[in-house]
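Pasted below: input28.csv, CSV, C-alpha atoms and all ligand atoms.
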```csv
chain,number,residue,atom,x,y,z
A,13,MET,CA,11.1,-15.6,-7.8
A,14,VAL,CA,8.2,-13.4,-6.7
A,15,GLU,CA,9.3,-10.0,-5.5
A,16,LYS,CA,9.1,-9.4,-1.8
A,17,ILE,CA,7.4,-6.1,-0.8
A,18,ALA,CA,7.2,-4.3,2.5
A,19,ALA,CA,4.4,-1.8,2.1
A,20,GLY,CA,3.2,0.8,4.5
A,21,ASN,CA,-0.1,2.8,4.4
A,22,TRP,CA,-0.1,6.0,6.4
A,23,LYS,CA,-3.8,6.5,5.6
A,24,MET,CA,-5.0,10.0,6.8
A,25,ASN,CA,-1.9,10.6,9.0
A,26,GLY,CA,1.2,12.6,8.6
A,27,THR,CA,2.5,16.1,7.9
A,28,VAL,CA,5.8,17.4,6.6
A,29,ALA,CA,7.3,17.0,10.0
A,30,ASP,CA,6.9,13.2,9.8
A,31,LEU,CA,9.0,12.8,6.8
A,32,ALA,CA,12.0,12.3,9.0
A,33,GLU,CA,10.5,8.9,9.7
A,34,LEU,CA,10.5,8.2,6.0
A,35,SER,CA,14.2,8.9,5.7
A,36,LYS,CA,15.0,6.3,8.4
A,37,MET,CA,12.8,3.8,6.6
A,38,ALA,CA,14.6,4.5,3.3
A,39,ASN,CA,18.0,3.8,5.0
A,40,ALA,CA,16.6,0.5,6.2
A,41,ALA,CA,15.2,-0.3,2.7
A,42,ASP,CA,18.6,0.4,1.2
A,43,ARG,CA,20.5,-1.7,3.8
A,44,CYS,CA,18.1,-4.6,3.6
A,45,MET,CA,17.7,-4.4,-0.2
A,46,VAL,CA,13.9,-5.0,0.1
A,47,GLU,CA,11.4,-3.3,-2.1
A,48,THR,CA,9.8,-0.9,0.4
A,49,VAL,CA,6.8,1.2,-0.5
A,50,ILE,CA,5.0,3.8,1.7
A,51,GLY,CA,1.5,5.0,0.8
A,52,LEU,CA,1.4,8.6,1.8
A,53,PRO,CA,-1.3,11.2,1.9
A,54,ALA,CA,-1.2,13.0,-1.4
A,55,THR,CA,-0.1,16.2,0.3
A,56,LEU,CA,3.2,14.5,1.2
A,57,LEU,CA,4.2,13.0,-2.1
A,58,VAL,CA,6.1,16.0,-3.5
A,59,PRO,CA,8.1,16.9,-0.4
A,60,ALA,CA,8.8,13.2,0.2
A,61,ALA,CA,10.0,12.7,-3.4
A,62,THR,CA,12.2,15.8,-3.0
A,63,ASP,CA,13.6,14.5,0.3
A,64,LEU,CA,14.3,11.0,-1.0
A,65,SER,CA,15.7,12.0,-4.4
A,66,ASN,CA,19.1,10.4,-3.6
A,67,GLN,CA,17.7,7.2,-2.1
A,68,SER,CA,16.4,4.7,-4.5
A,69,ASP,CA,15.1,1.7,-2.6
A,70,LEU,CA,12.1,3.4,-1.0
A,71,ARG,CA,9.1,3.9,-3.3
A,72,LEU,CA,6.2,6.2,-2.8
A,73,ALA,CA,2.6,5.2,-3.2
A,74,ALA,CA,-0.6,7.1,-3.4
A,75,GLN,CA,-3.7,5.8,-1.6
A,76,ASP,CA,-6.2,6.2,-4.4
A,77,CYS,CA,-6.6,7.6,-7.9
A,78,HIS,CA,-9.5,8.6,-10.1
A,79,ALA,CA,-10.4,6.4,-13.1
A,80,ASN,CA,-10.4,9.3,-15.5
A,81,ALA,CA,-7.3,11.1,-16.9
A,82,SER,CA,-8.6,14.6,-16.2
A,83,GLY,CA,-11.9,16.5,-15.9
A,84,ALA,CA,-14.5,18.0,-13.6
A,85,HIS,CA,-13.9,15.9,-10.5
A,86,THR,CA,-13.5,18.2,-7.6
A,87,GLY,CA,-11.2,16.9,-4.9
A,88,ASP,CA,-10.0,13.9,-7.0
A,89,LEU,CA,-6.5,13.2,-8.3
A,90,ALA,CA,-5.7,11.5,-11.6
A,91,ALA,CA,-3.0,8.8,-11.8
A,92,ASP,CA,-0.8,11.0,-14.0
A,93,MET,CA,-0.8,13.7,-11.4
A,94,LEU,CA,0.2,11.2,-8.7
A,95,ALA,CA,3.0,9.8,-10.9
A,96,ASP,CA,4.1,13.4,-11.6
A,97,ALA,CA,4.2,14.1,-7.8
A,98,GLY,CA,6.6,11.1,-7.3
A,99,ALA,CA,4.3,8.1,-6.7
A,100,GLU,CA,5.4,4.8,-8.3
A,101,TYR,CA,2.6,2.7,-6.8
A,102,VAL,CA,-1.0,3.3,-5.9
A,103,ILE,CA,-3.1,1.5,-3.3
A,104,LEU,CA,-6.5,0.7,-4.8
A,105,GLY,CA,-9.7,-0.7,-3.4
A,106,HIS,CA,-8.7,-0.5,0.2
A,107,SER,CA,-11.5,-1.7,2.4
A,108,GLU,CA,-11.8,1.7,4.0
A,109,ARG,CA,-12.4,3.2,0.6
A,110,ARG,CA,-14.8,0.4,-0.3
A,111,MET,CA,-16.7,1.2,2.9
A,112,ASP,CA,-16.4,5.0,3.3
A,113,HIS,CA,-16.8,5.7,-0.4
A,114,GLY,CA,-18.8,2.7,-1.6
A,115,GLU,CA,-16.2,1.7,-4.1
A,116,THR,CA,-17.2,-1.3,-6.2
A,117,ASP,CA,-15.0,-3.9,-7.8
A,118,ALA,CA,-15.8,-2.4,-11.2
A,119,GLN,CA,-14.7,1.0,-10.1
A,120,VAL,CA,-11.5,-0.4,-8.6
A,121,ALA,CA,-10.8,-2.3,-11.9
A,122,ALA,CA,-11.3,1.0,-13.8
A,123,LYS,CA,-8.8,2.7,-11.5
A,124,VAL,CA,-6.3,-0.2,-12.0
A,125,THR,CA,-6.5,0.5,-15.8
A,126,ALA,CA,-5.9,4.2,-15.2
A,127,ALA,CA,-3.0,3.5,-12.9
A,128,ARG,CA,-1.3,1.2,-15.3
A,129,ALA,CA,-1.7,3.7,-18.1
A,130,SER,CA,0.3,6.2,-16.0
A,131,ASP,CA,2.9,3.6,-15.1
A,132,LEU,CA,1.8,3.3,-11.5
A,133,THR,CA,1.9,-0.2,-10.0
A,134,PRO,CA,-1.5,-0.9,-8.4
A,135,ILE,CA,-1.7,-2.6,-5.0
A,136,VAL,CA,-5.2,-4.0,-5.3
A,137,CYS,CA,-6.7,-4.7,-1.8
A,138,ILE,CA,-9.3,-7.4,-1.2
A,139,GLY,CA,-10.7,-9.1,1.9
A,140,GLU,CA,-13.8,-10.3,3.7
A,141,THR,CA,-15.7,-8.8,6.6
A,142,LEU,CA,-16.2,-10.7,9.8
A,143,GLU,CA,-19.8,-11.4,8.8
A,144,GLN,CA,-18.7,-12.9,5.5
A,145,ARG,CA,-16.1,-15.0,7.3
A,146,GLU,CA,-18.6,-16.2,9.9
A,147,ALA,CA,-21.0,-17.1,7.1
A,148,GLY,CA,-18.3,-19.3,5.6
A,149,ASP,CA,-17.9,-17.0,2.5
A,150,ALA,CA,-14.3,-15.7,3.1
A,151,LEU,CA,-12.6,-17.5,0.2
A,152,LYS,CA,-15.5,-16.9,-2.2
A,153,VAL,CA,-15.5,-13.2,-1.3
A,154,ALA,CA,-11.7,-12.7,-1.6
A,155,ILE,CA,-11.5,-14.6,-4.9
A,156,SER,CA,-14.4,-12.8,-6.4
A,157,GLN,CA,-13.1,-9.3,-5.3
A,158,MET,CA,-9.7,-10.2,-6.8
A,159,THR,CA,-11.2,-11.5,-10.0
A,160,ASN,CA,-13.5,-8.5,-10.5
A,161,SER,CA,-11.0,-5.8,-9.4
A,162,ILE,CA,-8.3,-6.8,-11.8
A,163,PRO,CA,-9.2,-6.0,-15.5
A,164,ASP,CA,-8.5,-8.6,-18.2
A,165,GLY,CA,-5.1,-8.5,-19.7
A,166,THR,CA,-3.4,-7.2,-16.5
A,167,THR,CA,-0.5,-9.4,-15.4
A,168,ALA,CA,2.9,-7.9,-14.7
A,169,GLY,CA,3.1,-4.7,-12.8
A,170,LEU,CA,0.4,-5.5,-10.3
A,171,VAL,CA,0.4,-6.4,-6.6
A,172,VAL,CA,-2.5,-8.0,-4.6
A,173,ALA,CA,-3.0,-7.4,-0.9
A,174,TYR,CA,-5.3,-9.7,1.1
A,175,GLU,CA,-6.5,-7.8,4.1
A,176,PRO,CA,-9.4,-9.4,6.1
A,177,VAL,CA,-11.4,-6.4,7.2
A,178,TRP,CA,-11.8,-7.7,10.8
A,179,ALA,CA,-8.0,-7.7,11.2
A,180,ILE,CA,-7.4,-4.1,10.1
A,181,GLY,CA,-6.6,-1.8,12.9
A,182,THR,CA,-8.1,-4.1,15.4
A,183,GLY,CA,-5.0,-5.9,16.8
A,184,LYS,CA,-6.5,-9.2,15.6
A,185,THR,CA,-4.2,-10.9,13.3
A,186,ALA,CA,-5.3,-13.9,11.2
A,187,THR,CA,-3.5,-17.1,12.2
A,188,PRO,CA,-0.8,-18.5,9.8
A,189,ASP,CA,-3.1,-21.4,8.9
A,190,LEU,CA,-5.9,-19.0,8.0
A,191,ILE,CA,-3.6,-16.8,5.9
A,192,ALA,CA,-2.1,-19.9,4.2
A,193,GLU,CA,-5.6,-21.1,3.2
A,194,VAL,CA,-6.5,-17.8,1.6
A,195,HIS,CA,-3.2,-17.1,0.0
A,196,ASN,CA,-3.1,-20.6,-1.5
A,197,ALA,CA,-6.5,-20.1,-3.0
A,198,LEU,CA,-5.6,-16.7,-4.3
A,199,ARG,CA,-2.4,-18.0,-5.9
A,200,ALA,CA,-4.3,-20.9,-7.5
A,201,ALA,CA,-6.9,-18.4,-8.9
A,202,LEU,CA,-4.1,-16.1,-10.3
A,203,ILE,CA,-2.4,-19.0,-12.0
A,204,GLU,CA,-5.7,-20.3,-13.4
A,205,ARG,CA,-6.4,-16.9,-14.9
A,206,PHE,CA,-3.0,-15.7,-16.0
A,207,GLY,CA,-1.0,-18.9,-16.4
A,208,ASP,CA,2.7,-18.7,-15.4
A,209,ASP,CA,2.5,-14.9,-15.0
A,210,GLY,CA,0.0,-15.5,-12.2
A,211,ALA,CA,2.8,-17.1,-10.2
A,212,ASP,CA,4.8,-13.9,-10.2
A,213,ILE,CA,2.2,-11.4,-8.9
A,214,PRO,CA,3.3,-10.5,-5.3
A,215,LEU,CA,0.6,-11.4,-2.7
A,216,LEU,CA,0.8,-9.3,0.4
A,217,TYR,CA,-1.0,-9.9,3.7
A,218,GLY,CA,-2.4,-7.0,5.7
A,219,GLY,CA,-4.2,-6.6,9.0
A,220,SER,CA,-2.4,-5.7,12.3
A,221,VAL,CA,1.0,-6.8,11.0
A,222,LYS,CA,3.7,-5.7,13.5
A,223,ALA,CA,7.3,-6.5,14.4
A,224,ALA,CA,6.1,-9.2,16.8
A,225,ASN,CA,4.1,-11.2,14.3
A,226,ALA,CA,5.9,-10.4,11.0
A,227,ALA,CA,8.3,-13.3,10.9
A,228,GLU,CA,5.6,-15.9,11.4
A,229,ILE,CA,3.4,-14.3,8.7
A,230,PHE,CA,6.3,-14.1,6.2
A,231,ALA,CA,7.0,-17.8,6.8
A,232,VAL,CA,3.6,-18.6,5.3
A,233,GLU,CA,3.7,-20.0,1.7
A,234,HIS,CA,2.6,-17.5,-0.9
A,235,VAL,CA,2.9,-14.5,1.4
A,236,ASN,CA,5.3,-12.2,-0.4
A,237,GLY,CA,5.2,-9.3,1.9
A,238,ALA,CA,2.8,-7.1,3.9
A,239,LEU,CA,0.7,-4.1,3.7
A,240,VAL,CA,1.0,-2.4,7.1
A,241,GLY,CA,-1.1,0.5,8.5
A,242,GLY,CA,-0.5,1.5,12.1
A,243,ALA,CA,3.0,0.0,12.4
A,244,SER,CA,4.2,1.9,9.3
A,245,LEU,CA,3.8,5.3,10.8
A,246,THR,CA,7.2,5.3,12.6
A,247,ALA,CA,10.6,3.9,11.7
A,248,GLU,CA,10.8,2.3,15.1
A,249,ALA,CA,7.8,0.2,14.3
A,250,PHE,CA,8.3,-0.4,10.6
A,251,VAL,CA,12.1,-1.0,10.2
A,252,PRO,CA,11.9,-4.4,12.1
A,253,ILE,CA,9.2,-5.4,9.6
A,254,ILE,CA,11.4,-4.6,6.6
A,255,GLU,CA,14.3,-6.5,8.3
A,256,SER,CA,12.0,-9.5,9.0
A,257,LEU,CA,10.9,-9.6,5.4
A,258,ALA,CA,14.6,-9.4,4.2
A,259,ALA,CA,15.4,-12.4,6.5
A,260,SER,CA,12.4,-14.5,5.4
A,301,LIG,P1,-3.3,-2.1,10.1
A,301,LIG,O1,-3.8,-1.6,8.7
A,301,LIG,O2,-1.9,-2.6,9.9
A,301,LIG,O3,-3.3,-0.8,11.0
A,301,LIG,O4,-4.2,-3.1,10.6
A,301,LIG,C1,-3.6,-2.4,7.6
A,301,LIG,C2,-4.2,-1.7,6.4
A,301,LIG,O5,-5.3,-1.1,6.5
A,301,LIG,O6,-3.6,-1.7,5.3
```
Just dump the structure as structure tokens.
Amino acid sequence: MVEKIAAGNWKMNGTVADLAELSKMANAADRCMVETVIGLPATLLVPAATDLSNQSDLRLAAQDCHANASGAHTGDLAADMLADAGAEYVILGHSERRMDHGETDAQVAAKVTAARASDLTPIVCIGETLEQREAGDALKVAISQMTNSIPDGTTAGLVVAYEPVWAIGTGKTATPDLIAEVHNALRAALIERFGDDGADIPLLYGGSVKAANAAEIFAVEHVNGALVGGASLTAEAFVPIIESLAAS
């Protein structure tokens, strides 16, 4: 059985006052017994880990890490530092980082290696732009990003999130048929590369997932959870998504 994961991504949102939302999400995660992960701004990892120290089913994620273990990289954070701050996962290669910071597949792959060396589970994000989809290249782009962002030898301890760029933060959700087509192709590519281990890598869908569309997305074959931005900022919006995944 592939593990189901409800993952949130707070992006550049949230201060200590918002951690009350996280406690409510942790309660839901415990009640639903679903692996729930929230990607926090790095500033919130330590206070969140302190707040949640008695609650085990909500895991914290960082939103990026540097590929090096230490050194002269002003403003960057090493995977070991993030693990030390309480992160158990790290979101890598999000399309906003690929666009805002020009991150390449090779750089993402180096970060995956660094994350795994620090016992962080990478959530590797991939997905095509609208231009690429309209040109008929969506599958090719998603598969090549996945292939090149995952270093050889990486199997267990890895999550892949397919997030079509045109569906992120736009309110446009991909249809179940479209998601099925891509997730089938990604699963086949993972099995071709990693054999049986490729069948066990959780494949998340992301892009305007919300309570109203979660159930139909989770019903799609090879969708093992979601990576959620806007609807992960409050418990009111995110708890129904956790519940929907538990019921799927
Ligand atoms: P969204 O973001 O749910 O706000 O579309 C998803 C993401 O960027 O991970």
Around ligand LIG 301 (chain A), out to 9 Å and counting only C-alpha atoms and all ligand atoms, which residues are there? I want them as a VMD selection string.
chain A and resid 19 to 23 106 to 108 137 173 175 177 to 185 217 to 222 238 to 244
For A:Ala247, which residue out of A:Glu33, A:Glu143, A:Glu15, A:Asp76 is the nearest one, using all atoms listed in the file?
A:Glu33
Excluding same-chain residues fewer than 4 positions from A:Val124, what lies within 12 Å of it counting all atoms listed in the file, as an MDAnalysis selection string?
chainID A and resid 76:80 90:91 101:105 117:120 128:137 158 160:167 169:172
Counting all atoms listed in the file, which of A:Ala127, A:Glu47, A:Arg110, A:Ala121 gets nearest to A:Ala74?
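So, comparing all the options, the nearest one is A:Ala127.
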Need to verify the contact set: A:Pro188, 9 Å, all atoms listed in the file, exclusion of same-chain residues closer than 6 positions in sequence. Can you return it as a ChimeraX atom specification?
/A:228-229,231-232
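The interatomic distance for the pair atom CA of A:Pro214 and atom CA of A:Ala99 works out to 18.7 Å.
Atom pair atom CA of A:Ile138 / atom CA of A:Ala201: separated by 13.6 Å.
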Which one of A:Ala61, A:Ala18, A:Met45, A:Ala150 sits closest to A:Asn236 if you count only C-alpha atoms?
A:Ala18
Which residue, A:Ala97, A:Ala154, A:Val58, A:Ala186, has the smallest gap to A:Leu31 when you use all atoms listed in the file?
A:Val58
Restricting the calculation to all atoms listed in the file: of A:Arg199, A:Leu151, A:Asp212, A:Ala126, which residue gets closest to A:Ser82?
A:Ala126
How many Å separate atom CA of A:Val28 from atom CA of A:Gln75?
17.1 Å
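Ranking A:Ala54, A:Ile155, A:Leu64, A:Ile254 by their shortest atom-to-atom distance to A:Ala200, with only C-alpha atoms included, puts A:Ile155 first.
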Any idea what's packed within 9 Å of A:Leu70, counting only C-alpha atoms, ignoring anything in its chain fewer than 2 positions away? Could you give it as a ChimeraX atom specification?
/A:34-35,37-42,46-50,64,67-68,72
Convert the current residue selection to file output with C-alpha atoms, as a tab-separated table (two decimals), in the frame of the given file.
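The resulting out.tsv:
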```tsv
chain	number	residue	atom	x	y	z
A	34	LEU	CA	10.50	8.20	6.00
A	35	SER	CA	14.20	8.90	5.70
A	37	MET	CA	12.80	3.80	6.60
A	38	ALA	CA	14.60	4.50	3.30
A	39	ASN	CA	18.00	3.80	5.00
A	40	ALA	CA	16.60	0.50	6.20
A	41	ALA	CA	15.20	-0.30	2.70
A	42	ASP	CA	18.60	0.40	1.20
A	46	VAL	CA	13.90	-5.00	0.10
A	47	GLU	CA	11.40	-3.30	-2.10
A	48	THR	CA	9.80	-0.90	0.40
A	49	VAL	CA	6.80	1.20	-0.50
A	50	ILE	CA	5.00	3.80	1.70
A	64	LEU	CA	14.30	11.00	-1.00
A	67	GLN	CA	17.70	7.20	-2.10
A	68	SER	CA	16.40	4.70	-4.50
A	72	LEU	CA	6.20	6.20	-2.80
```
